[in-house]
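One structure is given here, and the rest of the page talks about it.
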Amino acid sequence: MVEKPSYFNEMGSSGAIRSPYSGLDSWAADMPAEFRNTKQSEAEALFRRIGITFAVYGEGGDPDRLIPFDMFPRVFSADEWRKLDRGIKQRAKALNAFLLDVYSRGEIVKAGVIPGRLVYQNAAYEKAVVGIKPPRGVYSHIVGIDLVRTGPDEFFVLEDNCRTPSGVSYMLENREIMMRMFPQLFRENRIAPVDSYPAQLRRTLASVAPDKCEGAPTVAILTPGHFNSAYYEHSFLADMMGVALVEGQDLFVEGDFCWMRTTEGPKKVDVIYRRIDDAYLDPLCFRPDSMLGVPGLMNVYRSGGVAIASAPGAGVADDKAIYTFVPDMIRFYLGEEPILKNVPTWQCSKSDEQKYVLENLGDLVVKEVHGSGGYGMLVGPRSTKEQIESFRLKIEEDPDNYIAQPTLALSTCPTFVEEGIAPRHVDLRPYCLVGQNIELVPGGLTRVALTQDSLVVNSSQGGGVKDTWVMAE
Amino acid sequence: MRLDVNHRTTYRFDPPMRGVTQSLRLWPSLFDGQNVLDWNVKIDGATRGANFRDGAGDLIETMTFRGSVDSVVVEVSGTVVTKDLAGVLQGHREKVPPLAYVRQGQFTRTNNTIRELARGAIAGAETPLAEAHALAAAVGEAIAYVPGETDSQTTAAEALETGRGVCQDHAHTLIATAICLEIPARYVTGYLHAEGDIADASHAWAELYVRDLGWVGFDASNLKCPDETYIRLGSGFDSVDAAPIRGVAQGNGVEALDVDVSVISSDQ
């Protein structure tokens, strides 16, 4: 790459510190190196003690790593957040309206806004739930929207996560640890709290209990088990919400309901927050070889005996091919202009767009349509000729499987590095809750690419996390 | 035609299982070709529940056994008056968009042989209906009806390579050929009244979505469209998804299965 793009530094430069960061520049600059090292190891010890690790695949060795935590917070002003809050909620609402529509009347397809092929032939579209209306018509109860920033007033949505977005435990733990280590920062600044998230999540889940549920709904989190990379988060959320953490074998179906084995006998479960993919939920409906799910669960769900969050089939809304149409969804269902922008996206399935992609591979980011976690992607400007050529072959072989986007000049946030403080690229994943109400705690998970110049923030690819502050009004 | 069905499925477990859960799709479809006079599904000792009609129009019910189970007997009996609609699924209420059936599965994955068979078959066919007939004929010709050569796990590609198979293989292969031409296709289960041939009473075929007609059944095994000798139960992507009984049992028991079906015409 010849030109080096100039990145938006969220803190501003010395002499012109942007207001949300005022005070933090001197806080960091004045911190003696020794104190900083002590604090850094203190943070690591805390993370180890609470057991937050994540799994990295494909590199051999023990896959459980400690996710690197950077102590320099990422900050939004109240004004900035107001706009994000509106944009995120708008998007979460439209995505749910889309799901309700494509599993019932399919108006958006009939109107010619989205090609039926992309929706109905999508691998994530579940025939099994067509015509089944989930409680309150909500499919995606926890919408994780990945955002990047390129300027003072410029945000882009990178992708939507409508199934089971992970990482919210980091949002909560990062805050907890920052408050323990630097209490004075929280006295000097008016930072909006995020600790109401578990209560809000619980309220959201309870609000989508099926009509057949009488009295206070019983909520449970269904996990694939301790070998799953997000198991820590499953047990953390169960603890924080005061609900049961169960595996498939702890649940069974009888009559019209789903039951949980307890020491006091079977207990009816009304809402299941599942952290298992659709395909493994029920061997009698999906993959017959699944040992992780609950036989008969989908029948209970479909006959209105239990709610499942997110609803089976929700994945069709967060597919990278559908992503292109989210702004159209917002106009179609809400009659509003999108507040948050999409990143321009080229579909390799379209021959003219594929041609453009292949001619400009060196400048683009190429992703697999169903990929996640930063695996299987090409960052053109950061790749070797060989890597680019191997991607060219992959795209030519299976064009439907790839999309491409311009390499965005992701904003940076000051980060503690070996040499002191340096800008590093960041993104943001807020967690929007959709039930009876749409709620969003002021904050989210900021991921930071710790390697200099790297644009890949995924923890599996050398990314770290930061506490995310929203300044109170 | 007035058809009396008796269908008994017996599972024996040795040693006994700790529990059994089944999802049943055992009720005749509601459409202009079938009038259900009487229908019963009886399972002694089971807890029944969680029933609903799915988006494809099938009635589904759940049954469970808790505690030690050494056998499960599912007894289906009833009478249906059928009408020949030349395979057209007229008057059937369903909500699943046909495009949702244009997808390959474990049994219906296409390969070059399947693609060639499909393209060769439709050459010269002038209407979507003619194409569908041509595909069914080509599949029936490519795979001879020979029981015992394939099993429940055989894929369309494997059956086509062997050139021998049963109704399940014909249906999977017909679906695979249709899908590679982007024609929606699905697996259908039901009963067949075939004079003097009891073993064939439990049957499967395929439905293809034909423009202007909707879903139309094609039985490549018998080289015809379902007529008044057929009773339709339900549909799915393939034999597993459409199975009249899908079940799992907890425990280490060995399962022995016995199926007894009779479909008798009681027309005066």
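FYI, nothing fancy with the structure tokens labels: chains A, B, ... in order, residues from 1 per chain, ligands from 1 as they appear.
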
Q: Using only C-alpha atoms, select each residue of chain B with any atom at most 10 Å away from an atom of chain A, and give the selection as an NGL selection string.
A: :B and (20-24 or 46-57 or 60-66 or 94-104 or 236-237 or 240-243 or 245-249)

Q | Nearby residues (only C-alpha atoms) at most 10 Å from Thr155 (chain B), same-chain spacing under 5 positions excluded, as an MDAnalysis selection string | A | chainID B and resid 105:110 150 160:161 168:169 172:173 176

Take the residues from that selection and put them in a file with all heavy atoms, as a short mmCIF file (atom, residue, chain, number, x, y, z; two decimals), in the first residue's frame.
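File produced: out_0.cif:
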data_model
loop_
_atom_site.label_atom_id
_atom_site.label_comp_id
_atom_site.auth_asym_id
_atom_site.auth_seq_id
_atom_site.Cartn_x
_atom_site.Cartn_y
_atom_site.Cartn_z
N GLY B 105 -28.93 -31.61 1.14
CA GLY B 105 -28.72 -32.14 2.47
C GLY B 105 -27.81 -33.35 2.38
O GLY B 105 -27.30 -33.68 1.31
N GLN B 106 -27.65 -33.98 3.52
CA GLN B 106 -26.79 -35.15 3.61
C GLN B 106 -27.13 -36.20 2.55
O GLN B 106 -26.25 -36.80 1.95
CB GLN B 106 -26.98 -35.73 5.02
CG GLN B 106 -26.13 -36.90 5.37
CD GLN B 106 -26.71 -37.63 6.57
OE1 GLN B 106 -27.50 -37.09 7.33
NE2 GLN B 106 -26.33 -38.89 6.74
N PHE B 107 -28.43 -36.40 2.30
CA PHE B 107 -28.85 -37.45 1.36
C PHE B 107 -29.01 -36.96 -0.07
O PHE B 107 -29.10 -37.75 -0.98
CB PHE B 107 -30.20 -38.04 1.81
CG PHE B 107 -30.12 -38.77 3.12
CD1 PHE B 107 -30.55 -38.17 4.29
CD2 PHE B 107 -29.60 -40.06 3.18
CE1 PHE B 107 -30.47 -38.84 5.50
CE2 PHE B 107 -29.52 -40.74 4.38
CZ PHE B 107 -29.95 -40.13 5.55
N THR B 108 -29.10 -35.65 -0.22
CA THR B 108 -29.47 -35.11 -1.54
C THR B 108 -28.37 -34.26 -2.17
O THR B 108 -28.64 -33.46 -3.04
CB THR B 108 -30.76 -34.27 -1.41
OG1 THR B 108 -30.54 -33.28 -0.40
CG2 THR B 108 -31.95 -35.12 -1.03
N ARG B 109 -27.14 -34.43 -1.69
CA ARG B 109 -26.02 -33.66 -2.24
C ARG B 109 -25.83 -34.04 -3.72
O ARG B 109 -25.89 -35.21 -4.07
CB ARG B 109 -24.74 -33.96 -1.45
CG ARG B 109 -23.75 -32.83 -1.47
CD ARG B 109 -22.69 -32.99 -0.38
NE ARG B 109 -23.27 -32.98 0.98
CZ ARG B 109 -23.76 -31.91 1.58
NH1 ARG B 109 -23.76 -30.75 0.97
NH2 ARG B 109 -24.25 -31.98 2.80
N THR B 110 -25.64 -33.02 -4.54
CA THR B 110 -25.49 -33.31 -5.97
C THR B 110 -24.02 -33.50 -6.31
O THR B 110 -23.14 -33.09 -5.58
CB THR B 110 -26.07 -32.17 -6.83
OG1 THR B 110 -25.36 -30.98 -6.52
CG2 THR B 110 -27.53 -31.96 -6.57
N THR B 150 -29.53 -51.24 -0.85
CA THR B 150 -29.18 -50.00 -0.17
C THR B 150 -29.76 -50.05 1.24
O THR B 150 -30.55 -50.93 1.56
CB THR B 150 -29.79 -48.80 -0.91
OG1 THR B 150 -31.18 -49.03 -1.11
CG2 THR B 150 -29.12 -48.60 -2.27
N LEU B 160 -27.37 -43.79 -7.12
CA LEU B 160 -27.25 -43.61 -8.56
C LEU B 160 -26.04 -44.37 -9.09
O LEU B 160 -26.09 -44.95 -10.19
CB LEU B 160 -27.14 -42.11 -8.89
CG LEU B 160 -27.24 -41.73 -10.36
CD1 LEU B 160 -28.54 -42.24 -10.98
CD2 LEU B 160 -27.16 -40.21 -10.52
N GLU B 161 -24.99 -44.37 -8.31
CA GLU B 161 -23.79 -45.08 -8.74
C GLU B 161 -24.04 -46.60 -8.80
O GLU B 161 -23.62 -47.27 -9.74
CB GLU B 161 -22.63 -44.77 -7.79
CG GLU B 161 -21.28 -45.03 -8.42
CD GLU B 161 -20.15 -44.78 -7.44
OE1 GLU B 161 -20.26 -43.81 -6.66
OE2 GLU B 161 -19.20 -45.58 -7.44
N GLN B 168 -36.97 -44.97 -1.18
CA GLN B 168 -36.21 -43.91 -0.52
C GLN B 168 -35.11 -43.37 -1.43
O GLN B 168 -34.89 -42.16 -1.53
CB GLN B 168 -35.60 -44.43 0.79
CG GLN B 168 -34.65 -43.45 1.43
CD GLN B 168 -34.10 -43.92 2.76
OE1 GLN B 168 -34.82 -44.46 3.60
NE2 GLN B 168 -32.80 -43.73 2.96
N ASP B 169 -34.43 -44.29 -2.11
CA ASP B 169 -33.34 -43.87 -3.00
C ASP B 169 -33.88 -43.13 -4.23
O ASP B 169 -33.29 -42.15 -4.68
CB ASP B 169 -32.54 -45.10 -3.44
CG ASP B 169 -32.05 -45.88 -2.23
OD1 ASP B 169 -31.35 -45.29 -1.40
OD2 ASP B 169 -32.41 -47.06 -2.10
N HIS B 172 -34.82 -39.59 -2.96
CA HIS B 172 -33.64 -38.75 -2.72
C HIS B 172 -32.98 -38.32 -4.02
O HIS B 172 -32.55 -37.17 -4.17
CB HIS B 172 -32.60 -39.50 -1.86
CG HIS B 172 -32.95 -39.52 -0.40
ND1 HIS B 172 -32.52 -40.51 0.45
CD2 HIS B 172 -33.69 -38.69 0.36
CE1 HIS B 172 -32.99 -40.28 1.67
NE2 HIS B 172 -33.69 -39.18 1.64
N THR B 173 -32.91 -39.24 -4.96
CA THR B 173 -32.23 -38.92 -6.22
C THR B 173 -33.06 -37.94 -7.05
O THR B 173 -32.51 -37.01 -7.64
CB THR B 173 -31.96 -40.21 -7.02
OG1 THR B 173 -31.32 -41.15 -6.15
CG2 THR B 173 -31.04 -39.93 -8.21
N ALA B 176 -32.49 -34.61 -5.53
CA ALA B 176 -31.16 -34.09 -5.86
C ALA B 176 -31.11 -33.55 -7.29
O ALA B 176 -30.54 -32.48 -7.54
CB ALA B 176 -30.10 -35.17 -5.66
#

Q: For Val113 (chain A), please output as a ChimeraX atom specification all residues within 9 Å (counting only C-alpha atoms; exclusion window: fewer than 3 positions along the same chain).
A: /A:107-110,325,328-329,332

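Residues in contact with Val417 (chain A) at up to 12 Å, not including ones fewer than 2 positions away on its chain and judged by only C-alpha atoms, are Ala28, Ala33, Arg36, Asn37, Gln40, Pro68, Phe69, Asp70, Met71, Phe72, Cys413, Pro414, Thr415, Glu419, Gly420, Ile421, Ala422, Pro423, Arg424, Val448, Ala449, Leu450, Thr451, Gln452 and Gly464 of chain A.
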
With N, CA, C and O atoms kept, could you save the residues just selected as a short mmCIF file (atom, residue, chain, number, x, y, z; two decimals), in the first residue's frame?
data_model
loop_
_atom_site.label_atom_id
_atom_site.label_comp_id
_atom_site.auth_asym_id
_atom_site.auth_seq_id
_atom_site.Cartn_x
_atom_site.Cartn_y
_atom_site.Cartn_z
N ALA A 28 -2.66 8.96 32.37
CA ALA A 28 -1.80 7.92 31.83
C ALA A 28 -0.34 8.38 31.78
O ALA A 28 0.58 7.65 32.14
N ALA A 33 6.04 4.20 35.60
CA ALA A 33 6.13 2.92 34.91
C ALA A 33 5.96 1.74 35.87
O ALA A 33 5.28 0.74 35.56
N ARG A 36 2.42 1.29 36.93
CA ARG A 36 1.66 0.76 35.81
C ARG A 36 1.85 -0.76 35.68
O ARG A 36 0.89 -1.51 35.51
N ASN A 37 3.11 -1.20 35.83
CA ASN A 37 3.38 -2.63 35.76
C ASN A 37 2.68 -3.40 36.88
O ASN A 37 2.13 -4.47 36.66
N GLN A 40 -0.94 -3.62 36.02
CA GLN A 40 -1.16 -4.55 34.92
C GLN A 40 -1.14 -6.00 35.43
O GLN A 40 -2.01 -6.80 35.07
N PRO A 68 -5.98 -10.50 26.72
CA PRO A 68 -5.22 -9.34 27.21
C PRO A 68 -6.15 -8.17 27.52
O PRO A 68 -7.04 -7.86 26.73
N PHE A 69 -5.94 -7.57 28.68
CA PHE A 69 -6.77 -6.45 29.10
C PHE A 69 -5.93 -5.19 29.08
O PHE A 69 -4.84 -5.15 29.65
N ASP A 70 -6.43 -4.17 28.41
CA ASP A 70 -5.71 -2.90 28.39
C ASP A 70 -6.40 -1.93 29.32
O ASP A 70 -7.61 -1.75 29.27
N MET A 71 -5.59 -1.28 30.18
CA MET A 71 -6.16 -0.45 31.24
C MET A 71 -6.64 0.92 30.76
O MET A 71 -7.34 1.61 31.48
N PHE A 72 -6.19 1.33 29.59
CA PHE A 72 -6.61 2.66 29.10
C PHE A 72 -8.05 2.56 28.61
O PHE A 72 -8.33 1.85 27.65
N CYS A 413 -7.47 4.27 19.72
CA CYS A 413 -7.63 4.72 21.10
C CYS A 413 -6.27 4.51 21.77
O CYS A 413 -5.59 3.52 21.48
N PRO A 414 -5.86 5.44 22.63
CA PRO A 414 -4.57 5.25 23.30
C PRO A 414 -4.55 3.92 24.07
O PRO A 414 -5.55 3.55 24.69
N THR A 415 -3.44 3.25 24.01
CA THR A 415 -3.31 1.92 24.59
C THR A 415 -1.94 1.78 25.23
O THR A 415 -0.95 2.31 24.69
N GLU A 419 6.38 0.40 24.93
CA GLU A 419 7.14 1.66 24.91
C GLU A 419 6.43 2.80 25.61
O GLU A 419 6.96 3.91 25.67
N GLY A 420 5.24 2.59 26.09
CA GLY A 420 4.52 3.67 26.74
C GLY A 420 3.07 3.64 26.32
O GLY A 420 2.38 2.64 26.51
N ILE A 421 2.61 4.73 25.70
CA ILE A 421 1.22 4.79 25.26
C ILE A 421 1.22 5.03 23.76
O ILE A 421 1.92 5.91 23.27
N ALA A 422 0.45 4.24 23.04
CA ALA A 422 0.42 4.39 21.59
C ALA A 422 -0.99 4.12 21.09
O ALA A 422 -1.76 3.41 21.74
N PRO A 423 -1.34 4.72 19.94
CA PRO A 423 -2.69 4.46 19.40
C PRO A 423 -2.81 3.05 18.85
O PRO A 423 -1.90 2.54 18.20
N ARG A 424 -3.96 2.41 19.13
CA ARG A 424 -4.24 1.09 18.58
C ARG A 424 -5.69 1.09 18.08
O ARG A 424 -6.55 1.74 18.68
N VAL A 448 -9.54 -4.31 21.03
CA VAL A 448 -8.42 -3.52 20.55
C VAL A 448 -7.39 -4.44 19.88
O VAL A 448 -7.08 -5.51 20.39
N ALA A 449 -6.92 -4.01 18.72
CA ALA A 449 -5.87 -4.77 18.03
C ALA A 449 -4.54 -4.36 18.65
O ALA A 449 -4.08 -3.24 18.44
N LEU A 450 -3.95 -5.23 19.44
CA LEU A 450 -2.77 -4.83 20.22
C LEU A 450 -1.52 -4.72 19.37
O LEU A 450 -0.57 -4.01 19.72
N THR A 451 -1.50 -5.43 18.24
CA THR A 451 -0.35 -5.35 17.35
C THR A 451 -0.40 -4.04 16.58
O THR A 451 -1.47 -3.66 16.08
N GLN A 452 0.73 -3.36 16.51
CA GLN A 452 0.78 -2.08 15.82
C GLN A 452 0.25 -2.22 14.38
O GLN A 452 0.61 -3.16 13.67
N GLY A 464 -7.19 -7.54 22.17
CA GLY A 464 -7.42 -7.43 23.61
C GLY A 464 -8.72 -6.69 23.84
O GLY A 464 -9.47 -6.42 22.90
#

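Backbone DSSP over region 312-401 of chain A yields strand (DSSP E or B) at Lys341, Asn342, Trp346, Gln347, Leu364, Val365, Val366, Lys367, Glu368, Leu378 and Val379 of chain A.
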
Would you export the selected residues with C-alpha atoms as a PDB file, in the first residue's frame, please?
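Saved as selection_12.pdb:
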ATOM      1  CA  LYS A 341     -24.401   3.259   8.122  1.00  0.00           C
ATOM      2  CA  ASN A 342     -23.420  -0.051   6.594  1.00  0.00           C
ATOM      3  CA  TRP A 346     -19.423  -6.324  -2.679  1.00  0.00           C
ATOM      4  CA  GLN A 347     -21.056  -9.721  -3.141  1.00  0.00           C
ATOM      5  CA  LEU A 364     -10.053  -4.924   0.193  1.00  0.00           C
ATOM      6  CA  VAL A 365     -11.047  -7.001   3.170  1.00  0.00           C
ATOM      7  CA  VAL A 366     -12.542 -10.328   2.038  1.00  0.00           C
ATOM      8  CA  LYS A 367     -14.703 -12.389   4.388  1.00  0.00           C
ATOM      9  CA  GLU A 368     -16.485 -15.704   4.278  1.00  0.00           C
ATOM     10  CA  LEU A 378      -8.120 -11.591   3.940  1.00  0.00           C
ATOM     11  CA  VAL A 379      -6.986  -8.079   4.798  1.00  0.00           C
TER      12      VAL A 379
END

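Between Pro165 (chain A) and the residues A:Gln200, A:Thr384, A:Asn228, A:Ser310, the shortest atom-to-atom distance, using only C-alpha atoms, involves A:Ser310.
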
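Between CA of Glu141 (chain B) and CA of Ala157 (chain B) lies a distance of 14.9 Å.
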
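Here CA of Tyr197 (chain A) and CA of Glu439 (chain A) stand 9.4 Å from one another.
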
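Proximity ranking of B:Ala132, B:Ala144, B:Ile43, B:Val261 relative to Val72 (chain B) places B:Ile43 first, based on only C-alpha atoms.
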
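Those residues that approach Phe391 (chain A) to within 9 Å, counting only C-alpha atoms, are Leu361, Val366, Met377, Leu378, Glu386, Gln387, Ile388, Glu389, Leu393, Lys394, Ile395 and Glu396 of chain A; same-chain residues fewer than 2 positions away are not listed.
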
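From CA of Thr164 (chain A) back to CA of Pro327 (chain A), the distance works out to 22.0 Å.
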
(Q) Which residues are near Ser221 (chain B)? Cut-off 12 Å, only C-alpha atoms, ignore same chain within fewer than 3 positions. Put them as an MDAnalysis selection string. (A) chainID B and resid 136:147 164:174 192 200 203:206 218 224:226

Q. Any idea what's packed within 12 Å of Asp258 (chain B), counting only C-alpha atoms, ignoring anything in its chain fewer than 3 positions away? Could you give it as a PyMOL selection string?
A. chain B and resi 7-13+71-75+255+261

**Q.** Which of region 163-328 of chain A DSSP labels helix (DSSP H, G or I), written as a PyMOL selection string
**A.** chain A and resi 168-181+183-188+197-207+231-241+248-250+278-280+297-302+314-317+320-323+326-328
